[in-house]
$ cat run37.cif   # mmCIF, C-alpha atoms and all ligand atoms
data_model
#
loop_
_atom_site.label_atom_id
_atom_site.label_comp_id
_atom_site.auth_asym_id
_atom_site.auth_seq_id
_atom_site.Cartn_x
_atom_site.Cartn_y
_atom_site.Cartn_z
CA MET A 1 73.74 -13.15 45.57
CA GLY A 2 70.08 -12.50 45.09
CA ARG A 3 68.31 -10.20 47.43
CA ILE A 4 64.59 -10.36 47.55
CA HIS A 5 62.55 -7.23 47.75
CA LYS A 6 59.11 -8.34 48.57
CA ASP A 7 56.55 -6.22 50.18
CA LEU A 8 57.74 -3.21 48.27
CA ASN A 9 54.50 -1.33 48.55
CA VAL A 10 56.60 0.97 50.62
CA ALA A 11 59.73 0.90 48.55
CA VAL A 12 58.08 1.27 45.16
CA PRO A 13 56.32 4.62 45.23
CA ASP A 14 53.11 5.54 43.46
CA PRO A 15 54.09 5.15 39.79
CA ARG A 16 51.94 8.10 38.79
CA LEU A 17 54.09 10.59 40.67
CA SER A 18 57.09 9.77 38.52
CA ILE A 19 55.40 10.86 35.39
CA ILE A 20 53.88 14.16 36.43
CA ASP A 21 57.16 16.05 36.05
CA GLU A 22 57.64 14.41 32.69
CA ARG A 23 54.16 15.48 31.60
CA LEU A 24 54.92 19.09 32.48
CA ARG A 25 58.54 19.10 31.33
CA ARG A 26 57.86 20.96 28.12
CA VAL A 27 55.55 23.51 29.71
CA ARG A 28 57.54 26.71 30.09
CA ARG A 29 55.46 28.42 32.77
CA ILE A 30 52.55 27.36 34.95
CA ILE A 31 50.19 30.07 36.21
CA ILE A 32 48.02 29.04 39.15
CA VAL A 33 44.94 31.24 39.54
CA ALA A 34 43.81 30.92 43.14
CA SER A 35 42.12 32.92 45.84
CA GLY A 36 41.01 30.95 48.86
CA LYS A 37 37.66 32.72 48.41
CA GLY A 38 34.86 31.62 46.10
CA GLY A 39 32.98 33.82 43.66
CA VAL A 40 35.75 36.39 43.20
CA GLY A 41 36.25 35.65 39.51
CA LYS A 42 39.05 33.06 39.46
CA SER A 43 37.49 31.06 36.64
CA LEU A 44 36.83 34.15 34.60
CA VAL A 45 40.33 35.51 35.19
CA ALA A 46 41.99 32.16 34.43
CA THR A 47 40.00 31.57 31.26
CA THR A 48 40.39 35.12 29.97
CA ILE A 49 44.12 35.12 30.67
CA SER A 50 44.50 31.93 28.68
CA LEU A 51 42.51 33.40 25.78
CA LEU A 52 44.57 36.60 25.84
CA LEU A 53 47.85 34.69 25.92
CA ALA A 54 46.72 32.46 23.06
CA ARG A 55 45.61 35.47 21.07
CA SER A 56 49.04 37.04 21.37
CA GLY A 57 50.61 33.97 19.81
CA HIS A 58 51.58 31.85 22.80
CA LYS A 59 50.94 28.14 23.10
CA VAL A 60 48.49 27.91 25.98
CA GLY A 61 46.82 25.23 28.05
CA LEU A 62 43.95 25.69 30.50
CA LEU A 63 43.27 23.17 33.26
CA ASP A 64 40.04 23.37 35.23
CA LEU A 65 40.78 21.88 38.64
CA ASP A 66 37.47 22.83 40.19
CA PHE A 67 35.99 19.34 40.30
CA HIS A 68 32.93 20.37 42.27
CA GLY A 69 32.08 23.42 40.21
CA PRO A 70 33.91 23.34 36.89
CA SER A 71 33.24 26.61 35.07
CA CYS A 72 35.83 27.26 32.39
CA HIS A 73 33.87 25.29 29.79
CA VAL A 74 30.86 27.54 30.36
CA ILE A 75 32.99 30.61 29.72
CA LEU A 76 34.62 29.06 26.64
CA GLY A 77 31.24 28.02 25.30
CA GLU A 78 30.06 24.62 24.36
CA THR A 79 32.13 22.89 21.81
CA ASN A 80 31.76 19.45 20.43
CA VAL A 81 35.19 18.26 21.37
CA THR A 82 36.81 15.58 23.46
CA PRO A 83 40.36 14.67 24.43
CA ALA A 84 42.09 12.37 22.00
CA GLU A 85 43.41 9.20 23.53
CA GLU A 86 47.00 8.69 22.55
CA ARG A 87 49.37 7.35 25.17
CA GLY A 88 47.29 9.41 27.56
CA LEU A 89 44.78 12.14 26.93
CA ILE A 90 45.49 15.02 24.60
CA PRO A 91 43.32 18.02 25.46
CA PRO A 92 41.39 19.42 22.52
CA VAL A 93 42.01 22.97 21.37
CA VAL A 94 39.09 25.26 22.18
CA HIS A 95 39.33 28.85 20.90
CA GLY A 96 43.07 28.48 20.55
CA VAL A 97 43.54 27.03 24.03
CA LYS A 98 44.31 23.40 24.90
CA PHE A 99 41.56 22.80 27.39
CA MET A 100 41.30 20.03 29.98
CA SER A 101 38.46 19.52 32.41
CA LEU A 102 36.60 16.65 34.01
CA VAL A 103 33.46 18.01 32.38
CA TYR A 104 34.28 15.95 29.29
CA TYR A 105 33.55 12.90 31.40
CA ILE A 106 31.02 13.91 34.01
CA GLY A 107 28.93 16.37 32.03
CA ALA A 108 26.53 18.17 34.36
CA ARG A 109 26.53 15.48 37.03
CA PRO A 110 27.56 16.24 40.57
CA LEU A 111 30.91 14.73 41.53
CA PRO A 112 30.84 14.43 45.32
CA LEU A 113 34.46 13.70 46.19
CA ARG A 114 36.01 13.69 49.62
CA GLY A 115 39.43 15.26 50.12
CA ASP A 116 41.58 12.21 49.43
CA GLU A 117 39.50 11.33 46.42
CA ALA A 118 39.81 14.82 44.98
CA SER A 119 43.54 14.57 45.54
CA ASP A 120 43.62 11.24 43.79
CA ALA A 121 41.63 12.52 40.84
CA PHE A 122 44.07 15.41 40.55
CA VAL A 123 47.08 13.10 40.49
CA GLU A 124 45.37 10.87 37.95
CA LEU A 125 44.50 13.83 35.74
CA LEU A 126 48.07 15.14 35.80
CA THR A 127 49.37 11.67 35.00
CA ILE A 128 47.27 11.05 31.94
CA THR A 129 47.07 14.53 30.42
CA ARG A 130 49.64 15.18 27.73
CA TRP A 131 50.16 18.90 27.30
CA ASP A 132 53.26 18.49 25.21
CA GLN A 133 54.86 21.82 24.43
CA LEU A 134 53.27 24.90 25.97
CA ASP A 135 54.40 28.42 26.74
CA TYR A 136 51.82 28.77 29.48
CA LEU A 137 49.60 26.41 31.39
CA VAL A 138 46.90 28.31 33.27
CA VAL A 139 45.25 26.45 36.15
CA ASP A 140 41.85 27.37 37.57
CA VAL A 141 41.82 26.39 41.24
CA PRO A 142 38.72 25.90 43.39
CA PRO A 143 38.19 28.04 46.50
CA GLY A 144 39.73 27.00 49.77
CA ILE A 145 43.24 26.15 50.85
CA ALA A 146 42.78 22.40 51.02
CA GLU A 147 43.61 19.55 48.62
CA GLU A 148 43.93 21.42 45.37
CA VAL A 149 46.20 24.14 46.70
CA LEU A 150 48.28 21.73 48.78
CA ASP A 151 48.56 19.27 45.91
CA ILE A 152 49.65 22.00 43.53
CA ILE A 153 52.31 23.11 45.98
CA ARG A 154 53.39 19.48 46.44
CA LEU A 155 53.33 18.35 42.83
CA ILE A 156 53.77 21.45 40.67
CA LYS A 157 56.74 23.07 42.33
CA ARG A 158 57.26 25.60 39.55
CA GLY A 159 53.68 26.84 39.62
CA GLU A 160 53.44 30.64 39.93
CA PHE A 161 50.42 31.77 41.93
CA LEU A 162 48.21 34.59 40.74
CA ILE A 163 45.96 35.62 43.60
CA VAL A 164 42.49 37.00 42.87
CA THR A 165 40.51 39.05 45.35
CA THR A 166 37.69 41.58 45.31
CA PRO A 167 37.80 44.90 47.18
CA SER A 168 35.46 43.53 49.83
CA ILE A 169 36.86 43.00 53.27
CA LEU A 170 35.14 39.61 53.25
CA ALA A 171 37.29 38.52 50.34
CA VAL A 172 40.46 40.24 51.45
CA LYS A 173 40.47 38.63 54.90
CA THR A 174 40.21 35.14 53.43
CA VAL A 175 42.58 35.78 50.58
CA ALA A 176 45.10 37.03 53.14
CA ARG A 177 45.18 33.54 54.65
CA LEU A 178 46.13 31.99 51.33
CA ALA A 179 48.72 34.72 50.83
CA GLN A 180 50.21 33.99 54.22
CA LEU A 181 50.37 30.28 53.47
CA LEU A 182 52.11 30.88 50.16
CA GLN A 183 54.58 33.19 51.80
CA GLU A 184 55.30 30.78 54.62
CA LEU A 185 55.94 27.96 52.15
CA ARG A 186 57.93 30.25 49.85
CA VAL A 187 55.77 29.39 46.88
CA PRO A 188 56.50 31.45 43.76
CA THR A 189 53.82 34.12 43.55
CA LEU A 190 53.25 36.60 40.75
CA GLY A 191 51.03 38.92 42.73
CA VAL A 192 47.48 40.02 43.44
CA VAL A 193 44.69 41.07 41.09
CA GLU A 194 41.72 43.00 42.39
CA ASN A 195 38.58 42.01 40.52
CA MET A 196 35.09 43.56 40.51
CA HIS A 197 36.44 46.97 41.30
CA ARG A 198 33.68 49.62 41.42
CA PRO A 199 34.73 53.23 41.69
CA ASP A 200 31.26 54.10 43.01
CA ALA A 201 31.31 51.55 45.79
CA LYS A 202 32.01 52.73 49.30
CA THR A 203 34.40 49.94 50.17
CA GLY A 204 36.24 51.96 52.77
CA LYS A 205 39.98 51.70 52.74
CA ASN A 206 41.03 49.62 49.79
CA GLN A 207 42.96 46.72 51.20
CA ALA A 208 43.82 44.77 48.10
CA GLY A 209 47.08 46.66 47.91
CA ALA A 210 47.94 45.67 51.44
CA PHE A 211 49.34 42.25 50.56
CA LYS A 212 53.09 41.87 50.55
CA PHE A 213 52.91 40.58 47.00
CA ASN A 214 53.05 42.68 43.84
CA PHE A 215 49.81 44.42 43.05
CA LEU A 216 49.20 43.54 39.41
CA GLY A 217 46.10 45.57 38.70
CA ARG A 218 42.44 46.31 39.01
CA LEU A 219 39.67 44.79 36.92
CA PRO A 220 36.40 46.72 36.78
CA PHE A 221 33.06 45.29 37.78
CA ASP A 222 31.61 44.91 34.30
CA PRO A 223 27.84 44.46 33.91
CA GLU A 224 28.42 43.46 30.28
CA LEU A 225 30.34 40.34 31.25
CA GLU A 226 27.47 38.00 31.91
CA ARG A 227 26.07 38.11 28.39
CA THR A 228 29.48 37.30 26.92
CA LEU A 229 29.89 34.06 28.86
CA GLY A 230 30.16 31.27 26.31
CA ASN A 231 31.34 33.64 23.60
CA PRO A 232 35.09 34.28 23.89
CA GLU A 233 35.16 36.71 20.95
CA GLU A 234 32.70 38.98 22.76
CA LEU A 235 34.32 38.37 26.12
CA LEU A 236 37.65 39.66 24.84
CA LYS A 237 36.00 42.95 23.84
CA THR A 238 34.78 43.74 27.36
CA ARG A 239 36.33 46.32 29.66
CA PHE A 240 37.13 43.45 31.98
CA ALA A 241 39.24 41.65 29.36
CA ARG A 242 40.92 44.83 28.23
CA SER A 243 41.96 45.60 31.80
CA LEU A 244 43.25 42.08 32.15
CA GLU A 245 45.58 42.70 29.20
CA GLY A 246 47.69 44.89 31.46
CA VAL A 247 47.97 42.06 33.97
CA VAL A 248 48.91 39.61 31.22
CA LYS A 249 51.70 41.95 30.07
CA LYS A 250 53.08 41.91 33.60
CA ILE A 251 52.86 38.11 33.76
CA VAL A 252 54.67 37.74 30.45
CA GLY A 253 57.26 40.29 31.50
CA ALA A 254 57.83 38.65 34.87
CA ARG A 255 60.36 36.31 33.25
CA MET B 1 21.83 -5.73 38.38
CA LEU B 2 23.52 -3.06 36.35
CA GLU B 3 20.55 -0.76 36.69
CA ASP B 4 20.94 -0.93 40.43
CA PHE B 5 23.71 1.56 40.54
CA TRP B 6 24.50 2.78 37.08
CA TYR B 7 22.48 5.53 35.59
CA ARG B 8 20.79 4.69 32.36
CA ARG B 9 21.94 6.64 29.36
CA GLU B 10 18.63 8.55 29.21
CA GLU B 11 19.07 9.75 32.76
CA ILE B 12 22.41 11.34 32.19
CA PRO B 13 22.02 15.06 32.61
CA SER B 14 23.61 16.51 29.54
CA ASP B 15 25.96 19.42 29.59
CA ALA B 16 25.12 19.98 25.97
CA ALA B 17 27.82 19.34 23.50
CA PHE B 18 30.57 18.62 25.97
CA ARG B 19 29.26 15.12 26.26
CA ASN B 20 28.35 14.61 22.65
CA HIS B 21 31.47 12.58 22.11
CA LEU B 22 29.88 9.87 24.19
CA ASN B 23 27.58 9.24 21.28
CA ASN B 24 30.55 8.81 18.99
CA PRO B 25 32.63 5.68 18.98
CA LEU B 26 34.90 5.71 21.99
CA PRO B 27 38.59 6.16 21.23
CA SER B 28 39.27 2.62 22.40
CA GLU B 29 36.79 1.29 19.88
CA SER B 30 38.11 3.40 17.08
CA GLY B 31 41.56 1.95 17.59
CA GLY B 32 43.66 4.84 18.88
CA CYS B 33 46.67 4.43 21.12
CA LEU B 34 45.39 4.12 24.62
CA HIS B 35 46.15 5.62 27.96
CA GLU B 36 47.53 2.22 28.95
CA TRP B 37 50.75 3.70 27.60
CA ALA B 38 50.72 6.55 30.08
CA LEU B 39 50.35 4.13 32.97
CA ALA B 40 52.97 1.78 31.56
CA GLU B 41 55.38 4.69 31.28
CA ALA B 42 54.76 5.60 34.89
CA VAL B 43 55.27 2.02 36.06
CA ILE B 44 58.49 1.50 34.10
CA SER B 45 60.12 4.74 35.18
CA THR B 46 59.24 4.11 38.81
CA MET B 47 60.65 0.59 38.75
CA LEU B 48 63.82 1.85 37.08
CA ALA B 49 64.19 4.57 39.70
CA VAL B 50 63.83 2.05 42.53
CA ALA B 51 66.21 -0.43 40.90
CA LYS B 52 68.79 2.30 40.46
CA GLU B 53 68.38 3.52 44.01
CA LYS B 54 68.91 -0.01 45.33
CA GLY B 55 71.93 -0.48 43.10
CA ALA B 56 70.35 -3.39 41.24
CA LYS B 57 72.41 -5.22 38.63
CA ALA B 58 69.39 -7.09 37.38
CA VAL B 59 65.67 -7.23 37.99
CA SER B 60 64.43 -10.79 37.62
CA GLU B 61 60.79 -10.28 38.40
CA ALA B 62 58.18 -7.59 38.88
CA MET B 63 54.63 -7.92 40.13
CA ILE B 64 52.25 -5.27 38.94
CA LYS B 65 48.71 -4.95 40.19
CA LEU B 66 45.94 -3.49 38.11
CA GLY B 67 42.73 -2.25 39.63
CA ARG B 68 39.78 -3.70 37.76
CA LEU B 69 38.02 -0.36 37.87
CA GLN B 70 40.77 1.09 35.73
CA ASN B 71 39.51 -1.22 32.98
CA ILE B 72 42.95 -1.64 31.54
CA ASP B 73 43.50 -3.60 28.37
CA THR B 74 46.16 -5.95 29.68
CA GLU B 75 47.34 -6.89 26.22
CA ILE B 76 48.07 -3.28 25.31
CA PHE B 77 49.46 -2.57 28.75
CA ASN B 78 51.76 -5.57 28.54
CA HIS B 79 52.89 -4.61 25.07
CA ALA B 80 53.56 -1.06 26.26
CA LEU B 81 55.60 -2.36 29.21
CA ARG B 82 57.70 -4.57 26.92
CA GLU B 83 58.29 -1.78 24.45
CA LEU B 84 59.24 0.72 27.13
CA ALA B 85 61.48 -1.80 28.89
CA LYS B 86 63.62 -2.29 25.78
CA GLY B 87 67.19 -1.20 26.28
CA THR B 88 66.72 -0.83 30.04
CA LEU B 89 67.47 -2.92 33.09
CA LEU B 90 63.94 -4.28 32.80
CA GLU B 91 64.33 -5.72 29.32
CA LYS B 92 64.62 -9.30 30.56
CA THR B 93 62.46 -8.95 33.66
CA GLU B 94 59.59 -11.34 34.05
CA ILE B 95 56.71 -8.93 34.47
CA LYS B 96 53.63 -10.40 36.12
CA LEU B 97 50.26 -8.69 36.00
CA GLU B 98 47.53 -9.32 38.50
CA MET B 99 44.03 -7.88 38.70
CA GLU B 100 42.45 -6.56 41.84
CA GLU B 101 38.68 -6.72 41.88
CA SER B 102 36.61 -3.59 42.37
CA ARG B 103 35.14 -3.23 45.82
CA PHE B 104 33.09 -0.49 47.39
CA LYS B 105 32.01 0.33 50.89
CA CYS B 106 29.23 2.76 51.65
CA ARG B 107 30.11 5.36 54.26
CA ALA B 108 26.46 6.12 54.87
CA CYS B 109 25.05 2.63 55.57
CA GLY B 110 28.12 0.39 55.71
CA HIS B 111 27.05 -1.82 52.82
CA GLU B 112 29.89 -3.44 50.87
CA TRP B 113 29.62 -4.53 47.28
CA LYS B 114 31.55 -5.54 44.22
CA LEU B 115 31.34 -4.53 40.64
CA ALA B 116 31.74 -7.46 38.32
CA PRO B 117 33.85 -6.88 35.20
CA SER B 118 30.89 -7.72 32.99
CA GLU B 119 29.03 -4.80 34.49
CA VAL B 120 31.64 -2.37 33.25
CA GLY B 121 31.54 -1.58 29.58
CA SER B 122 29.48 1.54 29.25
CA ASP B 123 30.38 5.19 28.70
CA GLU B 124 30.58 5.54 32.44
CA SER B 125 33.23 2.90 32.67
CA GLU B 126 35.21 4.72 30.02
CA ALA B 127 35.33 7.79 32.28
CA ILE B 128 36.19 5.64 35.29
CA HIS B 129 38.89 3.99 33.21
CA PHE B 130 40.67 7.34 33.06
CA ILE B 131 39.98 8.51 36.58
CA PRO B 132 38.49 5.93 38.98
CA ASP B 133 37.28 8.61 41.37
CA LEU B 134 34.75 9.59 38.72
CA ALA B 135 32.84 6.56 40.00
CA HIS B 136 31.29 9.04 42.40
CA ALA B 137 29.51 10.69 39.49
CA PHE B 138 28.10 7.43 38.16
CA ILE B 139 27.74 4.83 40.90
CA ARG B 140 25.45 4.83 43.93
CA CYS B 141 25.25 2.50 46.89
CA PRO B 142 22.90 -0.29 45.78
CA ARG B 143 21.32 -0.37 49.22
CA CYS B 144 20.81 3.29 50.16
CA ARG B 145 21.78 5.09 46.92
CA SER B 146 24.37 7.26 48.62
CA PRO B 147 27.26 8.58 46.54
CA ASP B 148 29.35 8.68 49.70
CA PHE B 149 31.22 5.41 49.36
CA GLU B 150 34.81 4.38 49.54
CA ILE B 151 36.54 2.56 46.72
CA THR B 152 38.18 -0.18 48.76
CA GLY B 153 39.56 -2.17 45.87
CA GLY B 154 40.16 -2.08 42.18
CA ARG B 155 41.55 1.40 41.75
CA GLY B 156 44.96 2.33 40.48
CA VAL B 157 48.00 0.62 39.09
CA TRP B 158 50.89 -0.18 41.35
CA VAL B 159 54.02 -2.23 41.72
CA GLU B 160 53.64 -4.85 44.41
CA TYR B 161 57.33 -5.79 44.38
CA ILE B 162 60.39 -6.14 42.23
CA ARG B 163 63.01 -8.83 42.70
CA ILE B 164 66.51 -7.57 42.18
CA SER B 165 70.04 -8.90 42.38
CA THR B 166 72.81 -6.59 43.47
N1 LIG C 301 34.76 41.86 36.84
C1 LIG C 301 33.55 41.30 36.89
N2 LIG C 301 32.44 42.01 36.60
C2 LIG C 301 31.20 41.45 36.67
N3 LIG C 301 30.98 40.19 37.00
C3 LIG C 301 32.05 39.41 37.28
C4 LIG C 301 33.38 39.93 37.25
N4 LIG C 301 34.22 38.92 37.57
C5 LIG C 301 33.46 37.85 37.79
N5 LIG C 301 32.15 38.12 37.62
C6 LIG C 301 31.02 37.21 37.83
O1 LIG C 301 31.09 36.76 39.15
C7 LIG C 301 30.70 35.40 39.26
C8 LIG C 301 31.84 34.56 39.86
O2 LIG C 301 32.90 34.46 38.94
P1 LIG C 301 33.75 33.14 38.83
O3 LIG C 301 34.79 33.35 37.80
O4 LIG C 301 32.86 31.96 38.68
O5 LIG C 301 34.41 33.14 40.29
P2 LIG C 301 35.22 31.98 41.06
O6 LIG C 301 35.82 31.09 40.01
O7 LIG C 301 36.24 32.72 41.85
O8 LIG C 301 34.24 31.29 41.93
C9 LIG C 301 30.34 34.97 37.86
O9 LIG C 301 28.97 35.10 37.71
C10 LIG C 301 31.08 35.95 36.99
O10 LIG C 301 30.46 36.13 35.76
MG MG C 302 35.57 29.01 39.69
ZN ZN C 303 24.61 2.78 51.50
#
$ encode --input "run37.cif" --output "structure tokens"
Amino acid sequence: MGRIHKDLNVAVPDPRLSIIDERLRRVRRIIIVASGKGGVGKSLVATTISLLLARSGHKVGLLDLDFHGPSCHVILGETNVTPAEERGLIPPVVHGVKFMSLVYYIGARPLPLRGDEASDAFVELLTITRWDQLDYLVVDVPPGIAEEVLDIIRLIKRGEFLIVTTPSILAVKTVARLAQLLQELRVPTLGVVENMHRPDAKTGKNQAGAFKFNFLGRLPFDPELERTLGNPEELLKTRFARSLEGVVKKIVGAR
Amino acid sequence: MLEDFWYRREEIPSDAAFRNHLNNPLPSESGGCLHEWALAEAVISTMLAVAKEKGAKAVSEAMIKLGRLQNIDTEIFNHALRELAKGTLLEKTEIKLEMEESRFKCRACGHEWKLAPSEVGSDESEAIHFIPDLAHAFIRCPRCRSPDFEITGGRGVWVEYIRIST
């Protein structure tokens, strides 16, 4: 007997969701660099970590999820590359890192997306990007605890969060909200990195160590950094990058 | 008409070399394998999952809707579906494809408009082809020029229904 399933908008789910797991199947670990707070150095940490991992022989991907303020391409430097289209999009390799960003398509234009639209763009991007085999996929997440963070938790269940803060109470208080959310939802979390540390600054009691997560290390405020943006070779020579090496060792050793 | 809401090439703010590829032949023109395959893969595996869940013995028919904004090459998409269906429950399924026109509604002034297929064919549409939400970087309300519009039709690829026998 035939049974007719019409009206299956409900019964047939969004086809894209079925393929996201498949797209990430051969990615061994996914490192989500997030903070909740803007301007703390997430993009710099995410990009530098991916460069350091690639340099030590790992297969690495970097995904810039900050649709409103993509930054990783500025740190990597301008390169005349574009994703290849082959049963999806294959991110080009930039300084040893497979790099994916909407900047390939929007250039310097503003992309004013509302929440649902940002969420949709994220799903679309995960559906069409073919990472193939990777040891690490590093994800640069925009500030806030809205779409991007919730979508990552929903769609990338194995993602391991790396939380970035600065010593400032203004960062710590906001970052603590993200930390609490991750804890509540039992999201895998690697730990906290304190960026822009200045021994001379009178920051009062240092609170970055107060999170219940592992404290992974301190990265100095480095006045040399700015001039190395766009030049990964120089960036990797900075005190900032050298301090980050210790954090990378801990990430690699975490599994 | 086109000029109403698409930027001209000269107006595109460049982010230096990251957009240089737009001056090169687009992948679709240079004959690579397209992202139609990615979408076809997603559609096939979802239909198979639903068929399995419902305990289907056969799937006689499937209706797939394609948003016009996605600018999908139906020939390639169809070919990809057929290839991917081989050796599965969907091998003999009659797969129907239907287009949904692109429609927009401005949140700022309420204006509604359509984008005719002939108006898509530029670099911008190539970006939108991958990720329809990128329309917000390229299209403005033709009446008030706001970027704050809703895409009310023509986005995405979805399965309207499948007909199964159990
Ligand atoms: N350790 C550091 N020393 C000096 N400047 C830094 C450091 N970390 C980040 N910056 C600078 O701070 C600004 C914000 O960094 P960014 O990575 O864009 O932060 P986020 O992605 O969290 O918004 C940038 O100008 C960056 O160069
Ligand atoms: Mg950033
Ligand atoms: Zn309007």
$ closest_residue --input "run37.cif" --among "A:Gly115, A:Gly217, A:Pro167, A:Gly159" --to "Pro199 (chain A)" --atoms "all atoms listed in the file"
A:Pro167
$ residues_around --input "run37.cif" --residues "Arg218 (chain A)" --least-positions-apart "6" --cutoff "10 Å" --atoms "all atoms listed in the file" --output "ChimeraX atom specification"
/A:165-167,192-198,208,240,243-244,246-247
$ residues_near_ligand --input "run37.cif" --ligand "ligand LIG 301 (chain C)" --cutoff "9 Å" --atoms "all atoms listed in the file" --output "ChimeraX atom specification"
/A:34-47,66,69-72,75,140-143,164-166,194-197,219-229,239-241
$ atom_distance --input "run37.cif" --atom1 "CA of Thr79 (chain A)" --atom2 "CA of Ala108 (chain A)"
14.5 Å
$ closest_atom_pairs --input "run37.cif" --of "chain B" --to "ligand ZN 303 (chain C)" --cutoff "7 Å" --atoms "all atoms listed in the file" --output "tab-separated table"
residue	atom	partner	partner_atom	distance
B:Cys106	CA	C:ZN303	ZN	4.6
B:Arg107	CA	C:ZN303	ZN	6.7
B:Ala108	CA	C:ZN303	ZN	5.1
B:Cys109	CA	C:ZN303	ZN	4.1
B:Gly110	CA	C:ZN303	ZN	6.0
B:His111	CA	C:ZN303	ZN	5.4
B:Cys141	CA	C:ZN303	ZN	4.7
B:Pro142	CA	C:ZN303	ZN	6.7
B:Arg143	CA	C:ZN303	ZN	5.1
B:Cys144	CA	C:ZN303	ZN	4.1
B:Arg145	CA	C:ZN303	ZN	5.9
B:Ser146	CA	C:ZN303	ZN	5.3
$ closest_residue --input "run37.cif" --among "B:Phe104, B:Phe149, B:Trp158, B:Phe77" --to "chain A" --atoms "only C-alpha atoms"
B:Trp158
$ closest_residue --input "run37.cif" --among "A:Ile128, A:Val139, A:Ile19, A:Ala121" --to "ligand MG 302 (chain C)" --atoms "only C-alpha atoms and all ligand atoms"
A:Val139
$ decode --input "run37.cif" --residues "region 86-98 of chain A" --atoms "N, CA, C and O atoms" --output "PDB file, in the first residue's frame"
ATOM      1  N   GLU A  86      34.854  22.929  -6.105  1.00  0.00           N
ATOM      2  CA  GLU A  86      34.880  21.521  -6.488  1.00  0.00           C
ATOM      3  C   GLU A  86      33.983  20.761  -5.533  1.00  0.00           C
ATOM      4  O   GLU A  86      34.346  20.496  -4.403  1.00  0.00           O
ATOM      5  N   ARG A  87      32.799  20.480  -5.974  1.00  0.00           N
ATOM      6  CA  ARG A  87      31.789  19.846  -5.114  1.00  0.00           C
ATOM      7  C   ARG A  87      31.663  20.593  -3.796  1.00  0.00           C
ATOM      8  O   ARG A  87      31.543  19.992  -2.730  1.00  0.00           O
ATOM      9  N   GLY A  88      31.749  21.888  -3.859  1.00  0.00           N
ATOM     10  CA  GLY A  88      31.756  22.732  -2.677  1.00  0.00           C
ATOM     11  C   GLY A  88      32.875  23.728  -2.848  1.00  0.00           C
ATOM     12  O   GLY A  88      33.327  23.966  -3.966  1.00  0.00           O
ATOM     13  N   LEU A  89      33.299  24.313  -1.743  1.00  0.00           N
ATOM     14  CA  LEU A  89      34.408  25.266  -1.826  1.00  0.00           C
ATOM     15  C   LEU A  89      35.604  24.718  -1.070  1.00  0.00           C
ATOM     16  O   LEU A  89      35.478  24.282   0.074  1.00  0.00           O
ATOM     17  N   ILE A  90      36.745  24.720  -1.715  1.00  0.00           N
ATOM     18  CA  ILE A  90      37.965  24.267  -1.056  1.00  0.00           C
ATOM     19  C   ILE A  90      38.788  25.493  -0.684  1.00  0.00           C
ATOM     20  O   ILE A  90      39.223  26.245  -1.553  1.00  0.00           O
ATOM     21  N   PRO A  91      38.973  25.711   0.627  1.00  0.00           N
ATOM     22  CA  PRO A  91      39.685  26.923   1.048  1.00  0.00           C
ATOM     23  C   PRO A  91      41.124  26.909   0.543  1.00  0.00           C
ATOM     24  O   PRO A  91      41.771  25.871   0.588  1.00  0.00           O
ATOM     25  N   PRO A  92      41.604  28.034   0.080  1.00  0.00           N
ATOM     26  CA  PRO A  92      42.995  28.094  -0.367  1.00  0.00           C
ATOM     27  C   PRO A  92      43.951  28.048   0.822  1.00  0.00           C
ATOM     28  O   PRO A  92      43.563  28.365   1.947  1.00  0.00           O
ATOM     29  N   VAL A  93      45.171  27.659   0.556  1.00  0.00           N
ATOM     30  CA  VAL A  93      46.182  27.599   1.613  1.00  0.00           C
ATOM     31  C   VAL A  93      46.934  28.928   1.647  1.00  0.00           C
ATOM     32  O   VAL A  93      47.507  29.352   0.642  1.00  0.00           O
ATOM     33  N   VAL A  94      46.879  29.591   2.792  1.00  0.00           N
ATOM     34  CA  VAL A  94      47.550  30.874   2.968  1.00  0.00           C
ATOM     35  C   VAL A  94      48.572  30.710   4.095  1.00  0.00           C
ATOM     36  O   VAL A  94      48.200  30.382   5.220  1.00  0.00           O
ATOM     37  N   HIS A  95      49.838  30.894   3.796  1.00  0.00           N
ATOM     38  CA  HIS A  95      50.908  30.698   4.782  1.00  0.00           C
ATOM     39  C   HIS A  95      50.763  29.370   5.513  1.00  0.00           C
ATOM     40  O   HIS A  95      50.849  29.299   6.741  1.00  0.00           O
ATOM     41  N   GLY A  96      50.487  28.338   4.758  1.00  0.00           N
ATOM     42  CA  GLY A  96      50.426  26.993   5.330  1.00  0.00           C
ATOM     43  C   GLY A  96      49.112  26.638   5.997  1.00  0.00           C
ATOM     44  O   GLY A  96      48.943  25.542   6.532  1.00  0.00           O
ATOM     45  N   VAL A  97      48.148  27.573   5.964  1.00  0.00           N
ATOM     46  CA  VAL A  97      46.874  27.355   6.646  1.00  0.00           C
ATOM     47  C   VAL A  97      45.735  27.397   5.627  1.00  0.00           C
ATOM     48  O   VAL A  97      45.665  28.313   4.811  1.00  0.00           O
ATOM     49  N   LYS A  98      44.852  26.404   5.669  1.00  0.00           N
ATOM     50  CA  LYS A  98      43.662  26.452   4.817  1.00  0.00           C
ATOM     51  C   LYS A  98      42.728  27.496   5.393  1.00  0.00           C
ATOM     52  O   LYS A  98      42.215  27.327   6.503  1.00  0.00           O
TER      53      LYS A  98
END
